[in-house]
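Shown here: start25.txt, compact mmCIF, C-alpha atoms.
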```txt
# COMPACT_ATOMS: atom_id res chain seq x y z
CA MET A 1 -3.13 -27.10 0.45
CA SER A 2 -0.30 -26.32 2.80
CA ASN A 3 2.25 -23.67 2.09
CA GLU A 4 5.62 -24.55 3.55
CA GLN A 5 7.56 -21.62 2.19
CA PRO A 6 8.92 -19.42 4.95
CA ASN A 7 7.36 -15.97 5.00
CA ALA A 8 4.72 -17.05 2.48
CA PRO A 9 1.68 -14.71 2.39
CA VAL A 10 -0.77 -17.62 2.37
CA THR A 11 -0.17 -19.56 5.56
CA GLY A 12 -2.80 -22.22 5.04
CA VAL A 13 -6.03 -23.32 3.45
CA ARG A 14 -8.85 -24.83 5.49
CA TRP A 15 -11.63 -26.72 3.72
CA GLN A 16 -15.23 -26.88 4.88
CA GLU A 17 -16.81 -29.17 2.30
CA ASN A 18 -16.54 -27.16 -0.93
CA VAL A 19 -15.51 -23.92 0.74
CA ALA A 20 -11.82 -23.04 0.87
CA ILE A 21 -10.86 -20.65 3.67
CA VAL A 22 -7.51 -19.05 2.90
CA ASP A 23 -5.44 -17.66 5.76
CA VAL A 24 -3.10 -14.79 4.92
CA ALA A 25 -0.45 -13.20 7.11
CA GLY A 26 1.88 -10.22 6.95
CA ASP A 27 2.09 -7.12 4.80
CA ILE A 28 1.11 -7.62 1.16
CA ASP A 29 3.15 -5.28 -1.01
CA LEU A 30 5.13 -5.45 -4.24
CA ASN A 31 7.63 -7.76 -2.57
CA ARG A 32 5.03 -10.42 -1.72
CA SER A 33 2.09 -9.84 -4.04
CA LEU A 34 3.26 -12.21 -6.77
CA ASP A 35 3.55 -15.10 -4.30
CA PHE A 36 0.18 -14.05 -2.88
CA GLN A 37 -1.42 -14.15 -6.31
CA LYS A 38 0.10 -17.51 -7.24
CA SER A 39 -1.13 -19.08 -4.00
CA LEU A 40 -4.64 -17.68 -4.44
CA LEU A 41 -4.93 -18.91 -8.01
CA ALA A 42 -3.63 -22.33 -6.94
CA VAL A 43 -6.52 -22.59 -4.48
CA LEU A 44 -8.97 -21.79 -7.27
CA GLU A 45 -7.50 -24.59 -9.36
CA ASP A 46 -8.55 -27.04 -6.63
CA GLY A 47 -12.14 -26.36 -7.65
CA PRO A 48 -13.86 -24.85 -4.61
CA HIS A 49 -17.43 -23.61 -4.91
CA ARG A 50 -16.45 -20.71 -2.74
CA ILE A 51 -13.26 -19.09 -1.49
CA ILE A 52 -13.10 -17.05 1.71
CA VAL A 53 -9.89 -15.06 2.06
CA ASN A 54 -9.22 -14.26 5.71
CA LEU A 55 -7.19 -11.04 5.87
CA SER A 56 -7.27 -10.58 9.64
CA GLY A 57 -3.53 -11.28 9.74
CA VAL A 58 -2.72 -8.60 7.16
CA PRO A 59 -1.96 -5.24 8.80
CA TYR A 60 -1.02 -3.58 5.52
CA MET A 61 -1.75 -4.01 1.83
CA ASP A 62 -0.98 -1.84 -1.18
CA SER A 63 -2.41 -1.77 -4.70
CA SER A 64 -0.27 -4.72 -5.80
CA GLY A 65 -2.03 -6.88 -3.19
CA VAL A 66 -5.38 -5.52 -4.31
CA ALA A 67 -4.45 -6.39 -7.90
CA SER A 68 -3.88 -10.01 -6.84
CA LEU A 69 -7.34 -10.15 -5.31
CA VAL A 70 -8.92 -8.51 -8.37
CA LYS A 71 -7.28 -11.15 -10.55
CA LEU A 72 -8.61 -13.89 -8.28
CA LEU A 73 -12.09 -12.33 -8.42
CA SER A 74 -12.01 -12.22 -12.20
CA ARG A 75 -10.91 -15.85 -12.50
CA ALA A 76 -13.36 -16.98 -9.81
CA ARG A 77 -16.29 -15.36 -11.60
CA LYS A 78 -15.35 -17.12 -14.82
CA SER A 79 -15.27 -20.48 -13.09
CA GLY A 80 -18.47 -19.93 -11.12
CA CYS A 81 -16.73 -19.71 -7.76
CA GLN A 82 -17.91 -17.22 -5.13
CA LEU A 83 -15.29 -15.08 -3.43
CA SER A 84 -15.54 -13.41 -0.04
CA LEU A 85 -13.05 -11.34 1.94
CA VAL A 86 -13.20 -11.31 5.73
CA GLY A 87 -11.32 -9.79 8.64
CA LEU A 88 -10.10 -6.64 6.91
CA THR A 89 -7.92 -4.58 9.23
CA THR A 90 -8.44 -0.82 9.41
CA ARG A 91 -5.83 0.12 6.84
CA VAL A 92 -6.75 -2.64 4.42
CA LYS A 93 -10.40 -1.66 4.68
CA SER A 94 -9.42 1.95 3.99
CA LEU A 95 -7.53 0.88 0.87
CA PHE A 96 -10.61 -0.89 -0.48
CA GLU A 97 -12.70 2.22 0.22
CA ILE A 98 -10.19 4.56 -1.47
CA THR A 99 -10.17 2.39 -4.57
CA ARG A 100 -13.97 1.85 -4.38
CA LEU A 101 -13.41 -1.89 -4.44
CA ASP A 102 -15.38 -2.23 -1.21
CA VAL A 103 -18.50 -2.30 -3.39
CA VAL A 104 -17.02 -4.78 -5.87
CA PHE A 105 -15.94 -7.46 -3.44
CA ASN A 106 -18.18 -9.38 -1.07
CA ILE A 107 -16.71 -8.26 2.26
CA SER A 108 -17.80 -9.60 5.66
CA PRO A 109 -16.47 -8.85 9.14
CA THR A 110 -15.79 -12.49 10.07
CA GLU A 111 -15.71 -16.00 8.63
CA LYS A 112 -18.88 -16.78 10.57
CA ASP A 113 -20.67 -13.87 8.88
CA ALA A 114 -19.45 -14.97 5.47
CA LEU A 115 -20.58 -18.55 6.01
CA ALA A 116 -24.00 -17.56 7.44
CA MET B 1 14.05 17.05 24.20
CA ASP B 2 12.05 18.31 21.20
CA LEU B 3 9.92 15.44 19.94
CA ILE B 4 9.01 17.10 16.64
CA PRO B 5 11.45 16.76 13.75
CA ARG B 6 12.06 20.22 12.28
CA GLU B 7 14.86 19.55 9.81
CA PRO B 8 14.66 17.59 6.55
CA ILE B 9 15.44 13.89 6.84
CA ALA B 10 17.11 12.36 3.79
CA LEU B 11 17.05 8.63 3.12
CA HIS B 12 18.71 6.70 0.34
CA PHE B 13 17.34 3.39 -0.87
CA CYS B 14 17.80 1.17 -3.87
CA SER B 15 14.90 0.05 -6.01
CA SER B 16 14.36 -3.26 -4.28
CA PRO B 17 10.85 -4.28 -3.27
CA ALA B 18 12.42 -5.84 -0.18
CA HIS B 19 13.15 -2.32 1.11
CA LEU B 20 9.50 -1.27 1.13
CA PRO B 21 8.76 -2.35 4.73
CA VAL B 22 11.71 -0.30 6.01
CA ILE B 23 10.61 2.76 4.05
CA ARG B 24 7.05 2.43 5.34
CA ALA B 25 8.31 2.19 8.91
CA ALA B 26 10.40 5.36 8.53
CA VAL B 27 7.54 7.32 7.01
CA GLU B 28 5.11 6.10 9.65
CA ARG B 29 7.46 7.16 12.45
CA MET B 30 7.87 10.60 10.89
CA CYS B 31 4.10 11.03 10.71
CA ASP B 32 3.73 9.88 14.30
CA LEU B 33 6.28 12.42 15.52
CA LEU B 34 4.45 15.18 13.70
CA GLY B 35 1.24 14.25 15.49
CA MET B 36 -0.63 13.01 12.45
CA ASP B 37 -3.68 10.89 13.20
CA SER B 38 -3.84 7.23 12.25
CA GLU B 39 -5.96 7.74 9.13
CA ALA B 40 -3.71 10.46 7.71
CA THR B 41 -0.60 8.48 8.60
CA GLY B 42 -1.97 5.45 6.80
CA GLY B 43 -2.61 7.56 3.70
CA VAL B 44 0.88 9.03 3.67
CA VAL B 45 2.53 5.63 4.19
CA LEU B 46 0.41 4.12 1.43
CA SER B 47 1.20 7.02 -0.92
CA VAL B 48 4.96 6.65 -0.46
CA ASP B 49 4.68 2.89 -0.96
CA GLU B 50 2.68 3.37 -4.15
CA ALA B 51 5.13 5.98 -5.43
CA MET B 52 8.06 3.65 -4.70
CA THR B 53 6.26 0.80 -6.44
CA ASN B 54 5.70 2.96 -9.52
CA ILE B 55 9.37 3.95 -9.60
CA ILE B 56 10.51 0.33 -9.29
CA LYS B 57 8.06 -0.97 -11.91
CA HIS B 58 7.99 1.88 -14.43
CA ALA B 59 11.00 4.18 -14.04
CA TYR B 60 13.49 1.35 -13.40
CA LYS B 61 11.46 -1.42 -15.06
CA GLY B 62 12.11 -3.85 -12.23
CA ASP B 63 15.87 -3.29 -11.90
CA SER B 64 16.36 -3.63 -8.15
CA GLY B 65 19.76 -1.93 -7.83
CA GLN B 66 18.92 1.63 -8.83
CA PRO B 67 18.94 4.66 -6.49
CA ILE B 68 15.89 6.28 -4.95
CA ASP B 69 16.23 9.29 -2.66
CA ILE B 70 13.54 10.26 -0.20
CA VAL B 71 13.55 13.59 1.64
CA MET B 72 10.95 14.19 4.32
CA THR B 73 10.64 17.86 5.26
CA PRO B 74 8.45 19.31 8.00
CA VAL B 75 7.07 22.57 6.58
CA GLY B 76 6.17 25.64 8.68
CA GLN B 77 7.54 27.58 11.63
CA PRO B 78 7.61 27.49 14.57
CA ASP B 79 5.60 24.25 14.46
CA PRO B 80 5.24 22.25 11.26
CA ASN B 81 1.88 22.55 9.53
CA ALA B 82 2.63 20.14 6.71
CA LEU B 83 4.88 17.28 5.72
CA GLU B 84 6.57 17.40 2.32
CA ILE B 85 7.96 14.17 0.90
CA CYS B 86 10.13 14.19 -2.23
CA LEU B 87 11.06 11.01 -4.08
CA SER B 88 13.78 11.27 -6.71
CA ASP B 89 14.78 8.61 -9.18
CA ARG B 90 17.24 8.49 -12.05
CA GLY B 91 15.13 6.31 -14.27
CA GLN B 92 13.07 7.05 -17.31
CA TYR B 93 11.27 10.40 -16.92
CA VAL B 94 7.55 9.93 -16.79
CA ASP B 95 5.56 12.65 -18.57
CA PRO B 96 2.95 13.86 -16.04
CA SER B 97 0.34 14.01 -18.77
CA GLN B 98 0.83 10.27 -19.20
CA ILE B 99 0.39 9.61 -15.49
CA LYS B 100 -3.28 9.08 -14.89
CA SER B 101 -5.42 6.76 -12.92
CA ARG B 102 -7.71 4.35 -14.68
CA ASP B 103 -11.47 4.59 -14.40
CA LEU B 104 -12.31 3.00 -11.07
CA ASP B 105 -15.42 1.43 -12.58
CA ASP B 106 -13.12 -0.53 -14.88
CA VAL B 107 -12.34 -3.30 -12.41
CA ARG B 108 -9.08 -4.90 -13.39
CA PRO B 109 -5.67 -5.45 -11.78
CA GLY B 110 -3.29 -2.48 -11.69
CA GLY B 111 -3.50 1.24 -12.43
CA LEU B 112 -4.56 2.33 -8.96
CA GLY B 113 -1.33 3.78 -7.57
CA VAL B 114 -1.73 7.33 -8.88
CA HIS B 115 -5.37 7.45 -7.82
CA ILE B 116 -4.37 6.42 -4.30
CA ILE B 117 -1.61 9.04 -4.09
CA VAL B 118 -3.85 11.87 -5.29
CA LYS B 119 -6.63 10.77 -2.97
CA CYS B 120 -4.44 10.53 0.14
CA MET B 121 -2.14 13.55 -0.30
CA ASP B 122 -3.06 17.26 -0.45
CA GLU B 123 -0.61 18.24 -3.21
CA VAL B 124 1.14 16.05 -5.77
CA THR B 125 3.55 17.30 -8.45
CA TYR B 126 5.85 15.52 -10.88
CA ALA B 127 8.89 17.27 -12.38
CA PRO B 128 11.94 16.24 -14.36
CA ARG B 129 15.06 15.74 -12.26
CA ASP B 130 18.25 17.58 -13.21
CA GLY B 131 20.49 14.94 -14.75
CA GLY B 132 17.60 12.66 -15.65
CA GLY B 133 14.75 10.98 -13.86
CA THR B 134 11.72 12.25 -12.00
CA VAL B 135 11.08 14.16 -8.78
CA LEU B 136 7.74 13.47 -7.18
CA THR B 137 6.75 15.95 -4.48
CA MET B 138 3.86 15.13 -2.20
CA ILE B 139 2.52 17.33 0.59
CA LYS B 140 0.23 16.36 3.43
CA ASN B 141 -1.19 19.15 5.55
CA LEU B 142 -1.28 18.51 9.26
CA GLN B 143 -4.79 19.06 10.55
CA SER B 144 -3.58 19.36 14.08
CA ILE B 145 -0.43 18.78 15.97
CA ASP B 146 -0.87 16.72 19.10
CA ALA B 147 -0.39 19.19 21.91
CA GLU B 148 1.48 16.63 23.93
CA ALA B 149 3.87 15.92 21.10
CA SER B 150 4.62 19.62 20.70
CA LYS B 151 5.80 20.00 24.26
CA GLU B 152 9.44 19.98 24.98
CA VAL B 153 10.06 17.21 27.42
CA SER B 154 13.09 17.25 29.60
CA SER B 155 14.48 13.89 30.44
```
Rewrite the structure from the file as structure tokens, please.
Amino acid sequence: MSNEQPNAPVTGVRWQENVAIVDVAGDIDLNRSLDFQKSLLAVLEDGPHRIIVNLSGVPYMDSSGVASLVKLLSRARKSGCQLSLVGLTTRVKSLFEITRLDVVFNISPTEKDALA
Amino acid sequence: MDLIPREPIALHFCSSPAHLPVIRAAVERMCDLLGMDSEATGGVVLSVDEAMTNIIKHAYKGDSGQPIDIVMTPVGQPDPNALEICLSDRGQYVDPSQIKSRDLDDVRPGGLGVHIIVKCMDEVTYAPRDGGGTVLTMIKNLQSIDAEASKEVSS
């Protein structure tokens, strides 16, 4: 899937067999979280066995961005798709810790770690 | 030149999600000037963002043209020992007893904003605004002021 919208949160999706690696860029807040969520759920509809969301290009995220990822996690579990988050920046990692979602999501430092 | 802001700074925004990055930048700069460390600054910025999001979604129900006032006040003399941030809206007053975070073990989208604010700030109070709306007051204590930032630098 390619996302050609300017300033779109999801900048691209790379496929490695049945694994979809989703690249995300920019702050994810109330202004962009709906587009973020739509793009994530569209990837799930393509039927991957696993989705890896690369957040290394996201310096900031608020609870609306987290809500998008929680929705993706819920849908992914129902469809038997594994979900991993990688490349969390300091503030995004802190947000997951504050909300205790760091123990709910499968979080790895890098794509390589997630794919190992 | 005194690098530390000592007077209240008042900002006026409308309830548009597109304004959130500008608000975050202003709050972050204020925290930087007060010598707050990165972790505390991140918490304050996130708290203001979450409070703004709640106002936009709940007090104004998504209407993007409504007023939101933010006043950032360094508290304490001679050097500030806390940062007070007040957000005022003219939307539907939210009864504080109805403002509560969901159980964090109940993993579902939404309902995290209040939890984040309470977790990141040292004091949080909601009060009705004269003329209608809500005033949210949040205080973050400054653990330490960067000695360098407290110096008066002559240019």
Contact check, chain B to chain A, at most 12 Å, counting all atoms listed in the file, closest pairs as a tab-separated table:
```
residue	atom	partner	partner_atom	distance
B:Ser15	CA	A:Asn31	CA	11.2
B:Ser16	CA	A:Asn31	CA	8.3
B:Pro17	CA	A:Asn31	CA	4.8
B:Ala18	CA	A:Asn31	CA	5.7
B:His19	CA	A:Asn31	CA	8.6
B:Leu20	CA	A:Asn31	CA	7.7
B:Pro21	CA	A:Asp27	CA	8.2
B:Val22	CA	A:Asp27	CA	11.9
B:Arg24	CA	A:Tyr60	CA	10.1
B:Ala25	CA	A:Tyr60	CA	11.5
B:Ser38	CA	A:Arg91	CA	9.2
B:Glu39	CA	A:Arg91	CA	8.0
B:Ala40	CA	A:Arg91	CA	10.6
B:Thr41	CA	A:Arg91	CA	10.0
B:Gly42	CA	A:Arg91	CA	6.6
B:Gly43	CA	A:Arg91	CA	8.7
B:Val44	CA	A:Arg91	CA	11.6
B:Val45	CA	A:Asp62	CA	9.8
B:Leu46	CA	A:Asp62	CA	6.7
B:Ser47	CA	A:Asp62	CA	9.1
B:Val48	CA	A:Asp62	CA	10.4
B:Asp49	CA	A:Asp62	CA	7.4
B:Glu50	CA	A:Asp62	CA	7.0
B:Ala51	CA	A:Asp62	CA	10.8
B:Met52	CA	A:Leu30	CA	9.6
B:Thr53	CA	A:Leu30	CA	6.7
B:Asn54	CA	A:Leu30	CA	9.9
B:Ile55	CA	A:Leu30	CA	11.6
B:Ile56	CA	A:Leu30	CA	9.4
B:Lys57	CA	A:Leu30	CA	9.4
B:Gly62	CA	A:Leu30	CA	10.7
B:Ser64	CA	A:Asn31	CA	11.2
B:Ser101	CA	A:Thr99	CA	10.6
B:Arg102	CA	A:Thr99	CA	10.6
B:Asp103	CA	A:Thr99	CA	10.2
B:Leu104	CA	A:Thr99	CA	6.9
B:Asp105	CA	A:Arg100	CA	8.3
B:Asp106	CA	A:Leu101	CA	10.5
B:Val107	CA	A:Val70	CA	7.4
B:Arg108	CA	A:Val70	CA	6.2
B:Pro109	CA	A:Ala67	CA	4.2
B:Gly110	CA	A:Ala67	CA	5.6
B:Gly111	CA	A:Ser63	CA	8.4
B:Leu112	CA	A:Ser63	CA	6.3
B:Gly113	CA	A:Ser63	CA	6.3
B:Val114	CA	A:Ser63	CA	10.0
B:His115	CA	A:Thr99	CA	7.7
B:Ile116	CA	A:Ile98	CA	6.7
B:Ile117	CA	A:Ile98	CA	10.0
B:Val118	CA	A:Ile98	CA	10.4
B:Lys119	CA	A:Ile98	CA	7.3
B:Cys120	CA	A:Ile98	CA	8.4
```
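Minimum atom-to-atom distance to Asp23 (chain A), evaluated using all atoms listed in the file, belongs to A:Pro9 out of A:Pro9, A:Gly47, A:Pro59, A:Pro109.
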One decimal, in Å: what's the spacing between CA of Ala76 (chain A) and CA of His58 (chain B)?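 Atom-to-atom, CA of Ala76 (chain A) to CA of His58 (chain B), that is 28.9 Å.
Coordinates place CA of His49 (chain A) at a distance of 9.0 Å from CA of Ser79 (chain A).
Contact shell of Phe105 (chain A) at 8 Å (only C-alpha atoms; same-chain neighbours under 5 positions omitted): Leu73, Leu83, Ser84 and Leu85 of chain A.
Every protein or nucleic acid residue with an atom no more than 10 Å from Arg14 (chain A), counting all atoms listed in the file and leaving out same-chain residues fewer than 2 positions away, appears here: Met1, Ser2, Gly12, Gln16, Glu17, Val19, Ala20, Ile21, Val22, Asp23 and Ile52 of chain A.
For Ile70 (chain B), the non-local neighbours within 8 Å, defined as residues at least 4 positions apart in the same chain or in other chains and counting all atoms listed in the file, are B:Ala10, B:Leu11, B:His12, B:Phe13, B:Ile85, B:Cys86, B:Leu87, B:Ser88.
CA of Asn7 (chain A) is found 10.8 Å from CA of Phe36 (chain A).
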Top pick for closest residue to Val135 (chain B), considering B:Asp95, B:Asp122, B:Asp89, B:Pro8 and counting only C-alpha atoms: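 Residue with the minimum atom-to-atom distance to Val135 (chain B): B:Asp89.
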Selection: 9 Å around Thr110 (chain A), only C-alpha atoms, excl. self and same-chain fewer than 4 positions, as a VMD selection string: chain A and resid 54 56 85 to 88 114 to 115
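Comparing the minimum interatomic distances between Cys14 (chain B) and each of B:Gly35, B:Gly91, B:Asp2, B:Thr73, counting only C-alpha atoms, we find that B:Gly91 sits nearest.
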